[in-house]
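Comments concern the structure below.
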Amino acid sequence: MGLVARVVEETGIPTVTVSTGRDITALVRPPRSLFVNFPMGNTFGRAKDQAMQTKILRAALDFAVTAKEPGILEDLPLEWDEEFFYFTGEATPEAIARQLKK
């Protein structure tokens, strides 16, 4: 989604992505992104949790207005209510170098 967001931004339309993969998002460098430390596939929280989904959506819409420059990755201070694990492998130097050239 970050790559699509960059293309959309080039047409003059501001974008905000919401991510659960901070390391991947940092490499892709979308114009504006909010990170939520939730399990993959739960970007807006649990199914049927309308309060959390609304909170994240409003934060994203506010961020579209308040972020004054592209390339910002901001962490939302939200917590998942149970422990979860995911692979946190490091990016290779080659992948980082390719992204920095963009």
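Order determines the names: the first chain of the structure tokens is A, the second B, and so forth; residues in each chain are numbered 1 upward, and ligands are numbered 1 upward as they are shown.
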
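Within region 3-100 of chain A, DSSP run on the backbone puts these residues in strand (DSSP E or B): A:Thr17, A:Val18, A:Ser19, A:Arg32, A:Ser33, A:Leu34, A:Phe35, A:Ile72, A:Leu73, A:Glu74, A:Asp75.
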
Could those selected residues go to a file with C-alpha atoms, as a PDB file, in the first residue's frame?
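File produced: again.pdb:
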ATOM      1  CA  THR A  17      -1.534   4.349   5.474  1.00  0.00           C
ATOM      2  CA  VAL A  18      -2.124   2.390   8.680  1.00  0.00           C
ATOM      3  CA  SER A  19       0.446  -0.320   9.285  1.00  0.00           C
ATOM      4  CA  ARG A  32       2.420   9.374   5.792  1.00  0.00           C
ATOM      5  CA  SER A  33       1.874   6.288   7.906  1.00  0.00           C
ATOM      6  CA  LEU A  34       0.519   5.404  11.315  1.00  0.00           C
ATOM      7  CA  PHE A  35       1.880   2.296  13.019  1.00  0.00           C
ATOM      8  CA  ILE A  72       6.434  10.623   8.465  1.00  0.00           C
ATOM      9  CA  LEU A  73       5.920   7.344  10.330  1.00  0.00           C
ATOM     10  CA  GLU A  74       4.121   7.900  13.619  1.00  0.00           C
ATOM     11  CA  ASP A  75       3.337   5.316  16.300  1.00  0.00           C
TER      12      ASP A  75
END

Discussion item. Need to verify the contact set: region 57-64 of chain A, 7 Å, only C-alpha atoms, exclusion of same-chain residues closer than 3 positions in sequence. Can you return it as a list in words?
Written reply: Pro14, Thr15, Val16, Leu34, Gln53, Thr54 and Ala67 of chain A

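Near region 26-31 of chain A, within a cut-off of 9 Å and counting only C-alpha atoms, sit the residues Met1, Gly2, Leu3, Val4, Ala5, Arg6, Glu9, Pro14, Thr15, Val16, Thr17, Gly21, Arg22, Glu69, Pro70, Gly71, Ile72, Leu73, Ala91, Ala95, Ile96, Gln99 and Leu100 of chain A, with same-chain residues fewer than 4 positions away left out.
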
Selection to disk with N, CA and C atoms, as a PDB file, in the first residue's frame:
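Saved file result.pdb follows:
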ATOM      1  N   MET A   1       0.809  -1.198   0.000  1.00  0.00           N
ATOM      2  CA  MET A   1       0.000   0.000   0.000  1.00  0.00           C
ATOM      3  C   MET A   1       0.852   1.262   0.000  1.00  0.00           C
ATOM      4  N   GLY A   2       2.012   1.185   0.623  1.00  0.00           N
ATOM      5  CA  GLY A   2       2.869   2.359   0.670  1.00  0.00           C
ATOM      6  C   GLY A   2       3.321   2.808  -0.701  1.00  0.00           C
ATOM      7  N   LEU A   3       3.577   1.847  -1.581  1.00  0.00           N
ATOM      8  CA  LEU A   3       3.990   2.194  -2.942  1.00  0.00           C
ATOM      9  C   LEU A   3       2.840   2.847  -3.704  1.00  0.00           C
ATOM     10  N   VAL A   4       1.638   2.340  -3.511  1.00  0.00           N
ATOM     11  CA  VAL A   4       0.453   2.936  -4.141  1.00  0.00           C
ATOM     12  C   VAL A   4       0.240   4.341  -3.598  1.00  0.00           C
ATOM     13  N   ALA A   5       0.416   4.504  -2.287  1.00  0.00           N
ATOM     14  CA  ALA A   5       0.235   5.825  -1.675  1.00  0.00           C
ATOM     15  C   ALA A   5       1.183   6.849  -2.294  1.00  0.00           C
ATOM     16  N   ARG A   6       2.415   6.450  -2.567  1.00  0.00           N
ATOM     17  CA  ARG A   6       3.363   7.382  -3.186  1.00  0.00           C
ATOM     18  C   ARG A   6       2.892   7.830  -4.562  1.00  0.00           C
ATOM     19  N   GLU A   9       0.023  10.234  -4.151  1.00  0.00           N
ATOM     20  CA  GLU A   9       0.547  11.530  -3.694  1.00  0.00           C
ATOM     21  C   GLU A   9       1.099  12.350  -4.852  1.00  0.00           C
ATOM     22  N   PRO A  14      -3.375  13.836  -0.827  1.00  0.00           N
ATOM     23  CA  PRO A  14      -2.699  13.365   0.384  1.00  0.00           C
ATOM     24  C   PRO A  14      -3.170  11.959   0.773  1.00  0.00           C
ATOM     25  N   THR A  15      -2.261  11.147   1.277  1.00  0.00           N
ATOM     26  CA  THR A  15      -2.591   9.785   1.691  1.00  0.00           C
ATOM     27  C   THR A  15      -2.057   9.516   3.094  1.00  0.00           C
ATOM     28  N   VAL A  16      -2.690   8.555   3.762  1.00  0.00           N
ATOM     29  CA  VAL A  16      -2.219   8.041   5.044  1.00  0.00           C
ATOM     30  C   VAL A  16      -2.422   6.538   5.008  1.00  0.00           C
ATOM     31  N   THR A  17      -1.382   5.790   5.346  1.00  0.00           N
ATOM     32  CA  THR A  17      -1.534   4.349   5.474  1.00  0.00           C
ATOM     33  C   THR A  17      -1.504   4.010   6.961  1.00  0.00           C
ATOM     34  N   GLY A  21       3.193  -3.414  10.386  1.00  0.00           N
ATOM     35  CA  GLY A  21       4.559  -3.865  10.119  1.00  0.00           C
ATOM     36  C   GLY A  21       5.493  -2.672  10.065  1.00  0.00           C
ATOM     37  N   ARG A  22       5.969  -2.224  11.211  1.00  0.00           N
ATOM     38  CA  ARG A  22       6.769  -0.993  11.269  1.00  0.00           C
ATOM     39  C   ARG A  22       8.046  -1.103  10.442  1.00  0.00           C
ATOM     40  N   GLU A  69       4.638  17.303   6.370  1.00  0.00           N
ATOM     41  CA  GLU A  69       5.593  16.902   5.337  1.00  0.00           C
ATOM     42  C   GLU A  69       5.475  15.406   5.090  1.00  0.00           C
ATOM     43  N   PRO A  70       5.785  14.963   3.894  1.00  0.00           N
ATOM     44  CA  PRO A  70       5.723  13.536   3.606  1.00  0.00           C
ATOM     45  C   PRO A  70       6.859  12.764   4.262  1.00  0.00           C
ATOM     46  N   GLY A  71       6.682  11.460   4.359  1.00  0.00           N
ATOM     47  CA  GLY A  71       7.717  10.587   4.883  1.00  0.00           C
ATOM     48  C   GLY A  71       7.653  10.356   6.378  1.00  0.00           C
ATOM     49  N   ILE A  72       6.559  10.751   7.018  1.00  0.00           N
ATOM     50  CA  ILE A  72       6.434  10.623   8.465  1.00  0.00           C
ATOM     51  C   ILE A  72       5.827   9.271   8.820  1.00  0.00           C
ATOM     52  N   LEU A  73       6.438   8.605   9.781  1.00  0.00           N
ATOM     53  CA  LEU A  73       5.920   7.344  10.330  1.00  0.00           C
ATOM     54  C   LEU A  73       5.703   7.585  11.819  1.00  0.00           C
ATOM     55  N   ALA A  91      16.233  -6.171   7.985  1.00  0.00           N
ATOM     56  CA  ALA A  91      16.344  -5.957   6.542  1.00  0.00           C
ATOM     57  C   ALA A  91      17.807  -6.060   6.133  1.00  0.00           C
ATOM     58  N   ALA A  95      18.643  -4.233   0.600  1.00  0.00           N
ATOM     59  CA  ALA A  95      17.256  -3.758   0.546  1.00  0.00           C
ATOM     60  C   ALA A  95      17.158  -2.328   1.058  1.00  0.00           C
ATOM     61  N   ILE A  96      17.878  -2.026   2.111  1.00  0.00           N
ATOM     62  CA  ILE A  96      17.867  -0.664   2.637  1.00  0.00           C
ATOM     63  C   ILE A  96      18.460   0.307   1.628  1.00  0.00           C
ATOM     64  N   GLN A  99      15.985   1.157  -1.151  1.00  0.00           N
ATOM     65  CA  GLN A  99      14.918   2.045  -0.711  1.00  0.00           C
ATOM     66  C   GLN A  99      15.411   3.474  -0.547  1.00  0.00           C
ATOM     67  N   LEU A 100      16.634   3.639  -0.094  1.00  0.00           N
ATOM     68  CA  LEU A 100      17.178   4.995   0.103  1.00  0.00           C
ATOM     69  C   LEU A 100      17.420   5.719  -1.211  1.00  0.00           C
TER      70      LEU A 100
END

DSSP-assigned alpha helix (DSSP H) among chain A, expressed as a compact mmCIF listing (two decimals) with C-alpha atoms, in the first residue's frame:
# COMPACT_ATOMS: atom_id res chain seq x y z
CA GLY A 2 2.87 2.36 0.67
CA LEU A 3 3.99 2.19 -2.94
CA VAL A 4 0.45 2.94 -4.14
CA ALA A 5 0.24 5.82 -1.67
CA ARG A 6 3.36 7.38 -3.19
CA VAL A 7 1.88 7.24 -6.68
CA VAL A 8 -1.40 8.77 -5.48
CA GLU A 9 0.55 11.53 -3.69
CA GLU A 10 2.27 12.40 -6.96
CA ARG A 22 6.77 -0.99 11.27
CA ASP A 23 9.99 -2.37 9.78
CA ILE A 24 8.40 -2.95 6.37
CA THR A 25 6.69 0.44 6.42
CA ALA A 26 9.99 2.16 7.27
CA LEU A 27 11.60 0.50 4.23
CA VAL A 28 8.76 1.31 1.82
CA GLN A 50 -16.26 -0.33 16.50
CA ALA A 51 -14.83 1.94 19.19
CA MET A 52 -11.23 0.96 18.38
CA GLN A 53 -11.83 1.01 14.64
CA THR A 54 -13.31 4.50 14.89
CA LYS A 55 -10.41 5.69 17.06
CA ILE A 56 -7.83 4.51 14.52
CA LEU A 57 -9.76 5.87 11.55
CA ARG A 58 -10.09 9.29 13.19
CA ALA A 59 -6.39 9.30 14.03
CA ALA A 60 -5.59 8.55 10.38
CA LEU A 61 -7.88 11.30 9.11
CA ASP A 62 -6.42 13.79 11.60
CA PHE A 63 -2.91 12.75 10.55
CA ALA A 64 -3.74 13.55 6.93
CA VAL A 65 -4.34 17.14 8.02
CA THR A 66 -1.69 17.59 10.72
CA PRO A 93 21.81 -3.79 3.68
CA GLU A 94 21.00 -4.24 -0.02
CA ALA A 95 17.26 -3.76 0.55
CA ILE A 96 17.87 -0.66 2.64
CA ALA A 97 20.20 0.81 0.00
CA ARG A 98 17.59 0.26 -2.75
CA GLN A 99 14.92 2.05 -0.71
CA LEU A 100 17.18 4.99 0.10

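Computed from the coordinates, the CA of Val36 (chain A) to CA of Thr20 (chain A) distance equals 5.3 Å.
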